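Undergrad: Supplied in structure tokens, the structure appears directly below.
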Amino acid sequence: MTISALDLATETKNLLTELGVGADRYTGGSLRVTSPVTGKEIGAPKEHSASEAKIAIEAAHKAFLEWRAVPAPKRGELVRLLGEELRAAKAALGRLVSIEVGKITSEGLGEVQEMIDICDFAVGLSRQLYGLTIATERSEHRMMESWHPLGVVGIISAFNFPVAVWSWNAALALVCGNSTVWKPSEKTPLTALAVQALFEKALKRFVAEGGVAPANLSTLLIGGRDVGEVLVDHPKAPLVSATGSTAMGRVVGPRLSQRFARSILELGGNNAAIICPTADLDLTLRGVAFSAMGTAGQRCTTLRRLFVHESVYDKLVPRLQKAYGSVSIGNPLEAGTLVGPLIDKQAFTNMQSALEQARAGGGKVTGGERVENGAADAFYVRPALVEMPNQTGPVEHETFAPILYVMKYTDFDQVLDLHNAVPQGLSSSIFTNDMREAETFVSARGSDCGIANVNLGPSGAEIGGAFGGEKETGGGRESGSDAWRAYMRRATNTVNYGKTLPLAQGVKFDV
Ligand code: UN1
């Protein structure tokens, strides 16, 4: 079927109904939601006002006061049920992600799988919120650490992972004893409505099984910047986790620290791969192709800079050009498509202007043009491969589109310097079979990013690891490892079980 003949409004309605969202939630409102697949409207939910947002945060705070008293493994049970709902809804929710964001089918489903995975992780964690016991210098004393729930956790998420990012934060926040308030991207409120409905279903089952859960434990706020600002400025939100551009983080970060709130910032990436002389080029080709063209270049972990050693440049780059020329671009809902549309016209304009700048800087551009398919308001592009003489101009910025800048290198230490010379620090990778190069790359003097991989691309992280990056990426960590600690407050407790009162550091104070 041609793209312009697709009726995604009807399919969206059917999916939302299947996922438990009433029509009043996504029709008749002021927020016009279009599918990037067709460029046509698929829903119009109502928006919350700033004053409604304030009331919602107060209510979420009340929920927190109750939820923090529920034992953590019981809180885990709620997240387990959420995982079950997500498993049952995987096909429908994955499809809705594909329609609302334009992801290919396997990536839409993969996003939901990521939600299921973090639920499983959080359930296990709900019995492992460990603190240390610490040797004390005072006799008959015990010193320990306790981890306590923190409060309302604000979640601001971006369009490109419209539901997974909520789950990375919410699954942890909930087992840690917090309530959550979520403001999704204005571009993707429909998948958010679906997730909220699934959460409510899980909550109902939890209560039916005898679980104690307050109202307003998880709140969804649909709206624009004003609603996000309420969350950022509200004194009863001690933590806000925000995913988006560096420009957004520059506003949000200082406003949170101004009121001494915590932030988890997941901002821009400008991720690179270094292709060394000993790299397995077949594997490299696949790794680069997925990381650079997958999700139409709209992941924060997308591969954007490629440094290729001069000895393999002429072997690899022509093969890459071939892959760029032949990759299937089109309807992401159709089997076989690898590259779906850009999110909107603005993304297309940004891509074209980056390519213009690259040309002006001496870049040789292959691809990058619009792929016409009759859908006037949808923006499909051929991914662009740009051979650059050096790392300047647009190469230093994140353009949220499939542009891969390719540069030749000679010296390993020099390429490491170049690798780290951009302001962003999210993800990175090296393709090599030389143990010294691989180990150097992941060592203290290697990649300066939060994620550094060997023989795989920079995108496609699993939830088990802590996710996030350094420098202008914002420094936040979400998801696996000990990222949970950011969602709790630590108390150091010292207990005297003796009959004397020895003071620390030998201080005498006899009254
Ligand atoms: C993002 O693009 O916002 O590593 C995050 C990945 C995904 C997460 C991307 N698991 O590509």
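Here's how to read the names in the structure tokens: chain A, B, ... by the order shown, residue numbers from 1 in each chain, ligand numbers from 1 in the order shown.
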Would you mind writing down, as a PyMOL selection string, each residue of range 3-183 of chain A that DSSP on the backbone assigns to helix (DSSP H, G or I)?
TA: chain A and resi 3-5+8-18+23-26+50-67+72-101+105-125+164-175
Undergrad: Quick one: which chain A residues come within 9 Å of ligand 1, and what is the nearest atom pair for each with the distance in Å to one decimal, counting only C-alpha atoms and all ligand atoms, rows ordered by chain and ascending number, as CSV?
TA:
residue,atom,partner,partner_atom_place_in_ligand_line,distance
A:Glu111,CA,ligand 1,10 (N),7.9
A:Glu114,CA,ligand 1,10 (N),7.4
A:Ser157,CA,ligand 1,3 (O),8.5
A:Ala158,CA,ligand 1,3 (O),7.2
A:Phe159,CA,ligand 1,3 (O),8.5
A:Asn160,CA,ligand 1,3 (O),6.2
A:Phe161,CA,ligand 1,3 (O),5.6
A:Pro162,CA,ligand 1,3 (O),8.8
A:Ala164,CA,ligand 1,8 (C),8.2
A:Val165,CA,ligand 1,3 (O),7.1
A:Thr243,CA,ligand 1,3 (O),7.0
A:Gly244,CA,ligand 1,3 (O),7.7
A:Glu266,CA,ligand 1,3 (O),7.6
A:Leu267,CA,ligand 1,3 (O),8.3
A:Gly268,CA,ligand 1,3 (O),8.8
A:Gly269,CA,ligand 1,2 (O),8.7
A:Ser291,CA,ligand 1,11 (O),8.1
A:Gln298,CA,ligand 1,2 (O),6.8
A:Arg299,CA,ligand 1,2 (O),3.4
A:Cys300,CA,ligand 1,2 (O),3.6
A:Thr301,CA,ligand 1,11 (O),5.0
A:Thr302,CA,ligand 1,11 (O),6.8
A:Ser427,CA,ligand 1,4 (O),8.4
A:Pro458,CA,ligand 1,4 (O),7.2
A:Ser459,CA,ligand 1,11 (O),3.9
A:Gly460,CA,ligand 1,11 (O),3.6
A:Ala461,CA,ligand 1,4 (O),3.4
A:Glu462,CA,ligand 1,10 (N),5.7
A:Ile463,CA,ligand 1,10 (N),6.9
A:Phe467,CA,ligand 1,4 (O),7.7
A:Gly468,CA,ligand 1,5 (C),8.6
Undergrad: Quick one: residues within 8 Å of range 171-179 of chain A, only C-alpha atoms, excluding same-chain residues fewer than 3 positions away - as a ChimeraX atom specification?
TA: /A:60-61,63-64,67-70,72-73,75-76,79,118-119,122-123,125-126,129,148-153,167-168,216-218,479,484,487-488
Undergrad: Now that the selection is made, can you save its residues with C-alpha atoms as a PDB file, in the first residue's frame?
TA:
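As written to disk, again.pdb reads:
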ATOM      1  CA  ALA A  60       1.785  12.978  43.810  1.00  0.00           C
ATOM      2  CA  HIS A  61       3.538  14.155  46.957  1.00  0.00           C
ATOM      3  CA  ALA A  63       0.958   9.521  47.212  1.00  0.00           C
ATOM      4  CA  PHE A  64       4.663   9.410  48.001  1.00  0.00           C
ATOM      5  CA  TRP A  67       3.969   4.644  49.141  1.00  0.00           C
ATOM      6  CA  ARG A  68       7.248   5.079  51.011  1.00  0.00           C
ATOM      7  CA  ALA A  69       5.769   3.050  53.893  1.00  0.00           C
ATOM      8  CA  VAL A  70       5.049   0.038  51.666  1.00  0.00           C
ATOM      9  CA  ALA A  72      10.189  -2.399  48.910  1.00  0.00           C
ATOM     10  CA  PRO A  73       9.590  -6.020  47.764  1.00  0.00           C
ATOM     11  CA  ARG A  75       6.496  -2.189  45.708  1.00  0.00           C
ATOM     12  CA  GLY A  76       8.387  -4.548  43.432  1.00  0.00           C
ATOM     13  CA  VAL A  79       6.361  -3.276  38.972  1.00  0.00           C
ATOM     14  CA  ILE A 118      13.777  -2.741  33.202  1.00  0.00           C
ATOM     15  CA  CYS A 119      10.681  -3.948  35.059  1.00  0.00           C
ATOM     16  CA  ALA A 122      13.602  -3.328  39.129  1.00  0.00           C
ATOM     17  CA  VAL A 123      11.688  -6.269  40.626  1.00  0.00           C
ATOM     18  CA  LEU A 125      16.288  -4.660  42.814  1.00  0.00           C
ATOM     19  CA  SER A 126      13.303  -4.284  45.118  1.00  0.00           C
ATOM     20  CA  LEU A 129      18.355  -1.784  47.948  1.00  0.00           C
ATOM     21  CA  HIS A 148      15.203   5.875  51.912  1.00  0.00           C
ATOM     22  CA  PRO A 149      12.600   6.936  49.365  1.00  0.00           C
ATOM     23  CA  LEU A 150      13.136  10.434  48.032  1.00  0.00           C
ATOM     24  CA  GLY A 151       9.813  11.968  46.976  1.00  0.00           C
ATOM     25  CA  VAL A 152       8.116  12.903  43.725  1.00  0.00           C
ATOM     26  CA  VAL A 153      10.301  12.038  40.746  1.00  0.00           C
ATOM     27  CA  SER A 167      10.087   3.061  32.263  1.00  0.00           C
ATOM     28  CA  TRP A 168      13.836   3.337  32.968  1.00  0.00           C
ATOM     29  CA  ASN A 216      -1.767   9.411  41.996  1.00  0.00           C
ATOM     30  CA  LEU A 217       1.278   7.187  42.321  1.00  0.00           C
ATOM     31  CA  SER A 218       2.028   7.706  38.643  1.00  0.00           C
ATOM     32  CA  SER A 479      18.659   2.244  34.183  1.00  0.00           C
ATOM     33  CA  TRP A 484      18.853   3.375  41.557  1.00  0.00           C
ATOM     34  CA  TYR A 487      16.264   7.869  43.257  1.00  0.00           C
ATOM     35  CA  MET A 488      16.822   7.476  46.998  1.00  0.00           C
TER      36      MET A 488
END
Undergrad: Show which residues sit within 7 Å of Gly223 in chain A, as a PDB file with C-alpha atoms, in the first residue's frame. Count only C-alpha atoms, and ignore same-chain residues fewer than 5 positions away.
TA:
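Contents of selection.pdb, freshly written:
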ATOM      1  CA  GLU A  47      -3.341  19.557  27.434  1.00  0.00           C
ATOM      2  CA  HIS A  48      -2.875  20.175  31.118  1.00  0.00           C
ATOM      3  CA  GLU A 186       4.528  17.028  22.861  1.00  0.00           C
TER       4      GLU A 186
END
Undergrad: Excluding Tyr405 in chain A and residues on its chain fewer than 3 positions from it, collect all residues at most 6 Å away from it, counting only C-alpha atoms, and give them as a ChimeraX atom specification.
TA: /A:305,386-387
Undergrad: List every residue of range 284-417 of chain A that DSSP, applied to the backbone of this structure, assigns to strand (DSSP E or B), and report them as number ranges by chain.
TA: A: 303-309, 329, 339, 364-366, 370, 381, 384-387, 403-409
